[in-house]
There are 2 protein chains.
Amino acid sequence: MSTWEEKYAARAVRMRASEIRELLKLLDQPHIISFAGGIPDPALFPNDSFREAYENVLSGEGAGAALQYSVSEGYLPLRAWLVDHMGSLGVPCAPENVMIVSGSQQALDYLGKLFLSPGDTALVARPTYLGALQAFNAYEPRYDRLAPEGNNMTPQAYRDAAEKAGGRVALAYLTPEFSNPTGETIDRAARERLLDLTDELDIPLIEDAAYQALRYDGDPVPPILALDVERSGGIDNTRTIYCGTFSKTLSPGLRMGWICGAAPVIRKLVLMKQASDLHSPTINQAVMHDVALRHYDSHTAMLRDAYRRRRDLLLQALERHMPEGTSWTKPEGGMFIWVTLPEGMDGGALLARAIETEHVAFVPGQAFHADGSGANTIRLSFSLADETAAEEGMTRLGRLIRREASGR
Amino acid sequence: MSTWEEKYAARAVRMRASEIRELLKLLDQPHIISFAGGIPDPALFPNDSFREAYENVLSGEGAGAALQYSVSEGYLPLRAWLVDHMGSLGVPCAPENVMIVSGSQQALDYLGKLFLSPGDTALVARPTYLGALQAFNAYEPRYDRLAPEGNNMTPQAYRDAAEKAGGRVALAYLTPEFSNPTGETIDRAARERLLDLTDELDIPLIEDAAYQALRYDGDPVPPILALDVERSGGIDNTRTIYCGTFSKTLSPGLRMGWICGAAPVIRKLVLMKQASDLHSPTINQAVMHDVALRHYDSHTAMLRDAYRRRRDLLLQALERHMPEGTSWTKPEGGMFIWVTLPEGMDGGALLARAIETEHVAFVPGQAFHADGSGANTIRLSFSLADETAAEEGMTRLGRLIRREASGR
């Protein structure tokens, strides 16, 4: 290999990708009961609806347009559907407030690119979504801790810490409901406090709403963007940037999400998209519109019933099999339960032992901490776990934790 | 609007996107004969092949997988097809040398992100592909001129100029055949000289092969990557990074392209893709594999016949209607003819007049110059022009140029 390649090696983006990828491979091993992958159950995808939609789009007069280049902001009928959808969540907006992206991962990448310079500070929860850290890491920020429930530092303390590190506080990011990895949701008062904080810091607040549609019980809380519209008098005055996705509801394989926010911000992100990949696939946007229009409500209702049952089964199995000193969250939605292990136990070491001796898998919690803390936590996903998997998996995991705790 | 939004306005990516977008809108006006958009003719898309492929993929056992998350490097059967395809072009390689991207625009974005720091120098032809400038601009390089045919500065002169500007020479970029905008192709000797130059500068050479499959006459020239493999002894020793796309052959609406290069570079780009959008749509990759496997050769043969005829019609019409002092390229492939106007005539001013008085459209050549030169050139695309459009369009344009030349 010639030296230019080595010369640039140092510029390789810092990521902890390999960790997740290795874990996801475990799913392919049939003897492992896996609670690792945070992915939807493919048995619940609306295959027939998608098949019909592709057939519709490619049979009609619009076939040529569906296979052609299109505009960077996205397919207008889909954006119009999303305007209605956001309206139903309490966010009055117009098509110029909505753009289509290739999954909300792309939204996080663009927002990092727009707002972060090397050395700037991003405020994130600890733990937080690993994909957000991966997206932001490319822009070389430092991280400071955001406490979603509101026990934060003062704005001045955040500013001082950021300046000391040679940058400024550039953005705040969080998943307000059923967060990945903890499953926790913050209430309306906490959302208002976050708006107070970001108002005082005068920074954008990125609301990752990936699991918003998957609420199994409890009352819905308005999106932070809805509260921001209320206090600021209109969406074009807001600082909240809402990232939505079809990946947890209709299909992740089409890579389709959206960003909703103030029109001037959307316009900049659209220019960024034009330079980075021109636009999301035209045909998939037409198909997603067709499927969403006809099936979104009924399909998400079905998903909520299915995943609610799996959450309940896993919670019951945890109750039955976890030893004293272990605790866990009771999520009102989403796909994840966050387990705190007995004091001093390491989630990474436990995983190695779990795969080897008990043939059960999960994600160690440390991976979700920007600062490498969280060693005694693990994330369990219930999206793929049926009754047998939940019962047998927690039997094995409880047995292992008990053994590890007594062995120390 | 709150001030944070204004504060970040200065960070908006520098682009000349609006210009192209406005021009493309002209295509929608039926009274305008347009040679502006460099897009494939939608009447030539293989609609039925795509319809069957979506039906196949969504009917079989793989439907769940096609709608699910997948790996960042791309769908293995498609990468294996591309390994064969690259082999047929003289580039022996393996799946780890190939990754799937969402159109070659995404390849250019990732390559800019990997190799360019603010103030670095990118070597590009003048004129060059506008989308490449848009992609690179986000990373704030300066540009220096690459003469594809080989009349370049010395490596030391490039280095000195880059250092004086506060960076280093970071990459070279070009479209070696039927380039957008000029339609010109460089020969094997010129390709070897470019490899000599980039060897001496020890920088990556980005080969944009967007139009490679659309050769209408003349002998094929080996890709620069093939010549690099020959001289360096194997693909993992090469510095050339080949960017391919299905946008000009099967469909741009699926947004699918590929990168072929040394495995260590591909690995870094895959990590970058994972952080930026996880992966390209799974279902589209499976569908593109199905269509490419069954129809690529026959479909591209049909396209070459159709576009060859349009190129010939436009060349004949130019011959008939252009006044003295106007010259143009005779491309062996691709979609573009590059016209040099009589001395002192401005392509931008001519376009305004052409739309207003003659109802004919094209792209002014200045847009394709990183340094704003090229005022007396225009780009004509023949991909959408039938016999009537070519004859009537050039009648009008020739009349206008004659009038403008005599009026000065």
# chains A, B, ... in the order shown; residues from 1 in each chain; ligands from 1
>>> interface_residues(of="chain A", to="chain B", cutoff="6 Å", atoms="only C-alpha atoms", output="list in words")
Met1, Trp4, Pro42, Arg51, Leu58, Gly64, Leu67, Gln68, Tyr69, Gln105, Gln106, Asp109, Gln134, Ala135, Asp202, Ile203, Asn237, Ser251, Pro252, Gly253, Leu254, Arg255, Ala275, Ser276, Asp277, Pro281 and Thr282 of chain A
>>> select_by_dssp(residues="range 127-234 of chain B", states="alpha helix (DSSP H)", output="PyMOL selection string")
chain B and resi 130-137+155-164+188-201+224-232
>>> write_last_selection(atoms="C-alpha atoms", output="JSON list (two decimals), in the first residue's frame")
[["chain", "number", "residue", "atom", "x", "y", "z"],
["B", 130, "LEU", "CA", -20.65, 20.99, -10.89],
["B", 131, "GLY", "CA", -21.89, 18.34, -8.43],
["B", 132, "ALA", "CA", -18.29, 17.52, -7.51],
["B", 133, "LEU", "CA", -17.62, 21.16, -6.68],
["B", 134, "GLN", "CA", -20.82, 21.23, -4.61],
["B", 135, "ALA", "CA", -19.81, 18.09, -2.71],
["B", 136, "PHE", "CA", -16.23, 19.29, -2.09],
["B", 137, "ASN", "CA", -17.22, 22.88, -1.21],
["B", 155, "PRO", "CA", 4.31, 18.67, -8.66],
["B", 156, "GLN", "CA", 6.50, 21.14, -6.79],
["B", 157, "ALA", "CA", 4.62, 24.11, -8.24],
["B", 158, "TYR", "CA", 1.29, 22.57, -7.11],
["B", 159, "ARG", "CA", 2.78, 21.93, -3.66],
["B", 160, "ASP", "CA", 4.16, 25.44, -3.33],
["B", 161, "ALA", "CA", 0.85, 27.01, -4.31],
["B", 162, "ALA", "CA", -1.03, 24.79, -1.85],
["B", 163, "GLU", "CA", 1.35, 25.59, 1.01],
["B", 164, "LYS", "CA", 1.20, 29.28, 0.26],
["B", 188, "ARG", "CA", -4.49, 6.21, -22.35],
["B", 189, "ALA", "CA", -1.28, 8.21, -22.45],
["B", 190, "ALA", "CA", -2.98, 11.13, -20.68],
["B", 191, "ARG", "CA", -4.31, 8.75, -18.04],
["B", 192, "GLU", "CA", -0.80, 7.41, -17.44],
["B", 193, "ARG", "CA", 0.51, 10.97, -17.09],
["B", 194, "LEU", "CA", -2.16, 11.71, -14.49],
["B", 195, "LEU", "CA", -1.04, 8.66, -12.54],
["B", 196, "ASP", "CA", 2.55, 9.91, -12.78],
["B", 197, "LEU", "CA", 1.47, 13.27, -11.38],
["B", 198, "THR", "CA", -0.60, 11.86, -8.52],
["B", 199, "ASP", "CA", 2.20, 9.38, -7.75],
["B", 200, "GLU", "CA", 4.65, 12.24, -7.45],
["B", 201, "LEU", "CA", 2.21, 14.25, -5.34],
["B", 224, "ILE", "CA", -7.49, 4.84, -14.78],
["B", 225, "LEU", "CA", -8.01, 2.33, -11.97],
["B", 226, "ALA", "CA", -7.13, -0.50, -14.39],
["B", 227, "LEU", "CA", -3.88, 1.27, -15.37],
["B", 228, "ASP", "CA", -3.14, 1.89, -11.70],
["B", 229, "VAL", "CA", -3.63, -1.82, -10.88],
["B", 230, "GLU", "CA", -1.19, -2.68, -13.69],
["B", 231, "ARG", "CA", 1.53, -0.36, -12.49],
["B", 232, "SER", "CA", 1.07, -0.89, -8.75]]
>>> closest_atom_pairs(of="range 96-172 of chain A", to="range 371-377 of chain A", cutoff="9 Å", atoms="only C-alpha atoms", output="JSON lines")
{"residue": "A:Arg126", "atom": "CA", "partner": "A:Asp371", "partner_atom": "CA", "distance": 8.1}
{"residue": "A:Pro127", "atom": "CA", "partner": "A:Gly374", "partner_atom": "CA", "distance": 7.5}
{"residue": "A:Tyr143", "atom": "CA", "partner": "A:Asp371", "partner_atom": "CA", "distance": 7.9}
{"residue": "A:Asp144", "atom": "CA", "partner": "A:Asp371", "partner_atom": "CA", "distance": 8.9}
>>> write_last_selection(atoms="N, CA and C atoms", output="mmCIF file, in the first residue's frame")
data_model
loop_
_atom_site.group_PDB
_atom_site.id
_atom_site.type_symbol
_atom_site.label_atom_id
_atom_site.label_comp_id
_atom_site.auth_asym_id
_atom_site.auth_seq_id
_atom_site.Cartn_x
_atom_site.Cartn_y
_atom_site.Cartn_z
ATOM 1 N N ARG A 126 -26.600 10.843 29.172
ATOM 2 C CA ARG A 126 -25.654 9.766 29.469
ATOM 3 C C ARG A 126 -26.434 8.689 30.168
ATOM 4 N N PRO A 127 -26.808 7.591 29.532
ATOM 5 C CA PRO A 127 -26.455 7.166 28.172
ATOM 6 C C PRO A 127 -27.317 7.853 27.114
ATOM 7 N N TYR A 143 -18.287 16.295 24.400
ATOM 8 C CA TYR A 143 -19.638 16.109 24.909
ATOM 9 C C TYR A 143 -19.722 16.596 26.342
ATOM 10 N N ASP A 144 -20.864 17.203 26.655
ATOM 11 C CA ASP A 144 -21.133 17.476 28.055
ATOM 12 C C ASP A 144 -22.479 16.838 28.353
#
>>> select_by_dssp(residues="range 16-180 of chain B", states="strand (DSSP E or B)", output="number ranges by chain")
B: 33-34, 98-101, 121-124, 142-145, 169-174
>>> write_last_selection(atoms="C-alpha atoms", output="PDB file, in the first residue's frame")
ATOM      1  CA  ILE B  33     -36.921  23.686 -25.991  1.00  0.00           C
ATOM      2  CA  SER B  34     -34.419  22.727 -23.328  1.00  0.00           C
ATOM      3  CA  VAL B  98     -16.471  -2.508  -3.625  1.00  0.00           C
ATOM      4  CA  MET B  99     -19.067  -0.640  -1.561  1.00  0.00           C
ATOM      5  CA  ILE B 100     -22.544   0.555  -2.463  1.00  0.00           C
ATOM      6  CA  VAL B 101     -23.381   4.248  -2.135  1.00  0.00           C
ATOM      7  CA  THR B 121      -6.107  22.059  -2.426  1.00  0.00           C
ATOM      8  CA  ALA B 122      -8.258  19.900  -4.700  1.00  0.00           C
ATOM      9  CA  LEU B 123      -7.040  19.542  -8.281  1.00  0.00           C
ATOM     10  CA  VAL B 124      -9.956  19.694 -10.711  1.00  0.00           C
ATOM     11  CA  ARG B 142      -9.261  25.771  -2.573  1.00  0.00           C
ATOM     12  CA  TYR B 143      -9.043  24.550  -6.149  1.00  0.00           C
ATOM     13  CA  ASP B 144      -6.118  24.384  -8.471  1.00  0.00           C
ATOM     14  CA  ARG B 145      -6.304  23.528 -12.125  1.00  0.00           C
ATOM     15  CA  VAL B 169      -2.522  19.148  -2.162  1.00  0.00           C
ATOM     16  CA  ALA B 170      -5.156  16.678  -0.974  1.00  0.00           C
ATOM     17  CA  LEU B 171      -6.730  15.022  -4.025  1.00  0.00           C
ATOM     18  CA  ALA B 172      -7.227  15.102  -7.776  1.00  0.00           C
ATOM     19  CA  TYR B 173     -10.647  14.615  -9.375  1.00  0.00           C
ATOM     20  CA  LEU B 174     -11.736  14.104 -12.959  1.00  0.00           C
TER      21      LEU B 174
END
>>> residues_around(residues="range 380-397 of chain B", least_positions_apart="5", cutoff="10 Å", atoms="only C-alpha atoms", output="VMD selection string")
chain B and resid 32 to 43 180 to 183 306 to 323 328 334 to 339 350 to 351 354 357 to 365 402 to 403
>>> atom_distance(atom1="CA of Thr340 in chain A", atom2="CA of Glu356 in chain A")
21.2 Å
>>> atom_distance(atom1="CA of Arg79 in chain B", atom2="CA of Pro95 in chain B")
5.8 Å
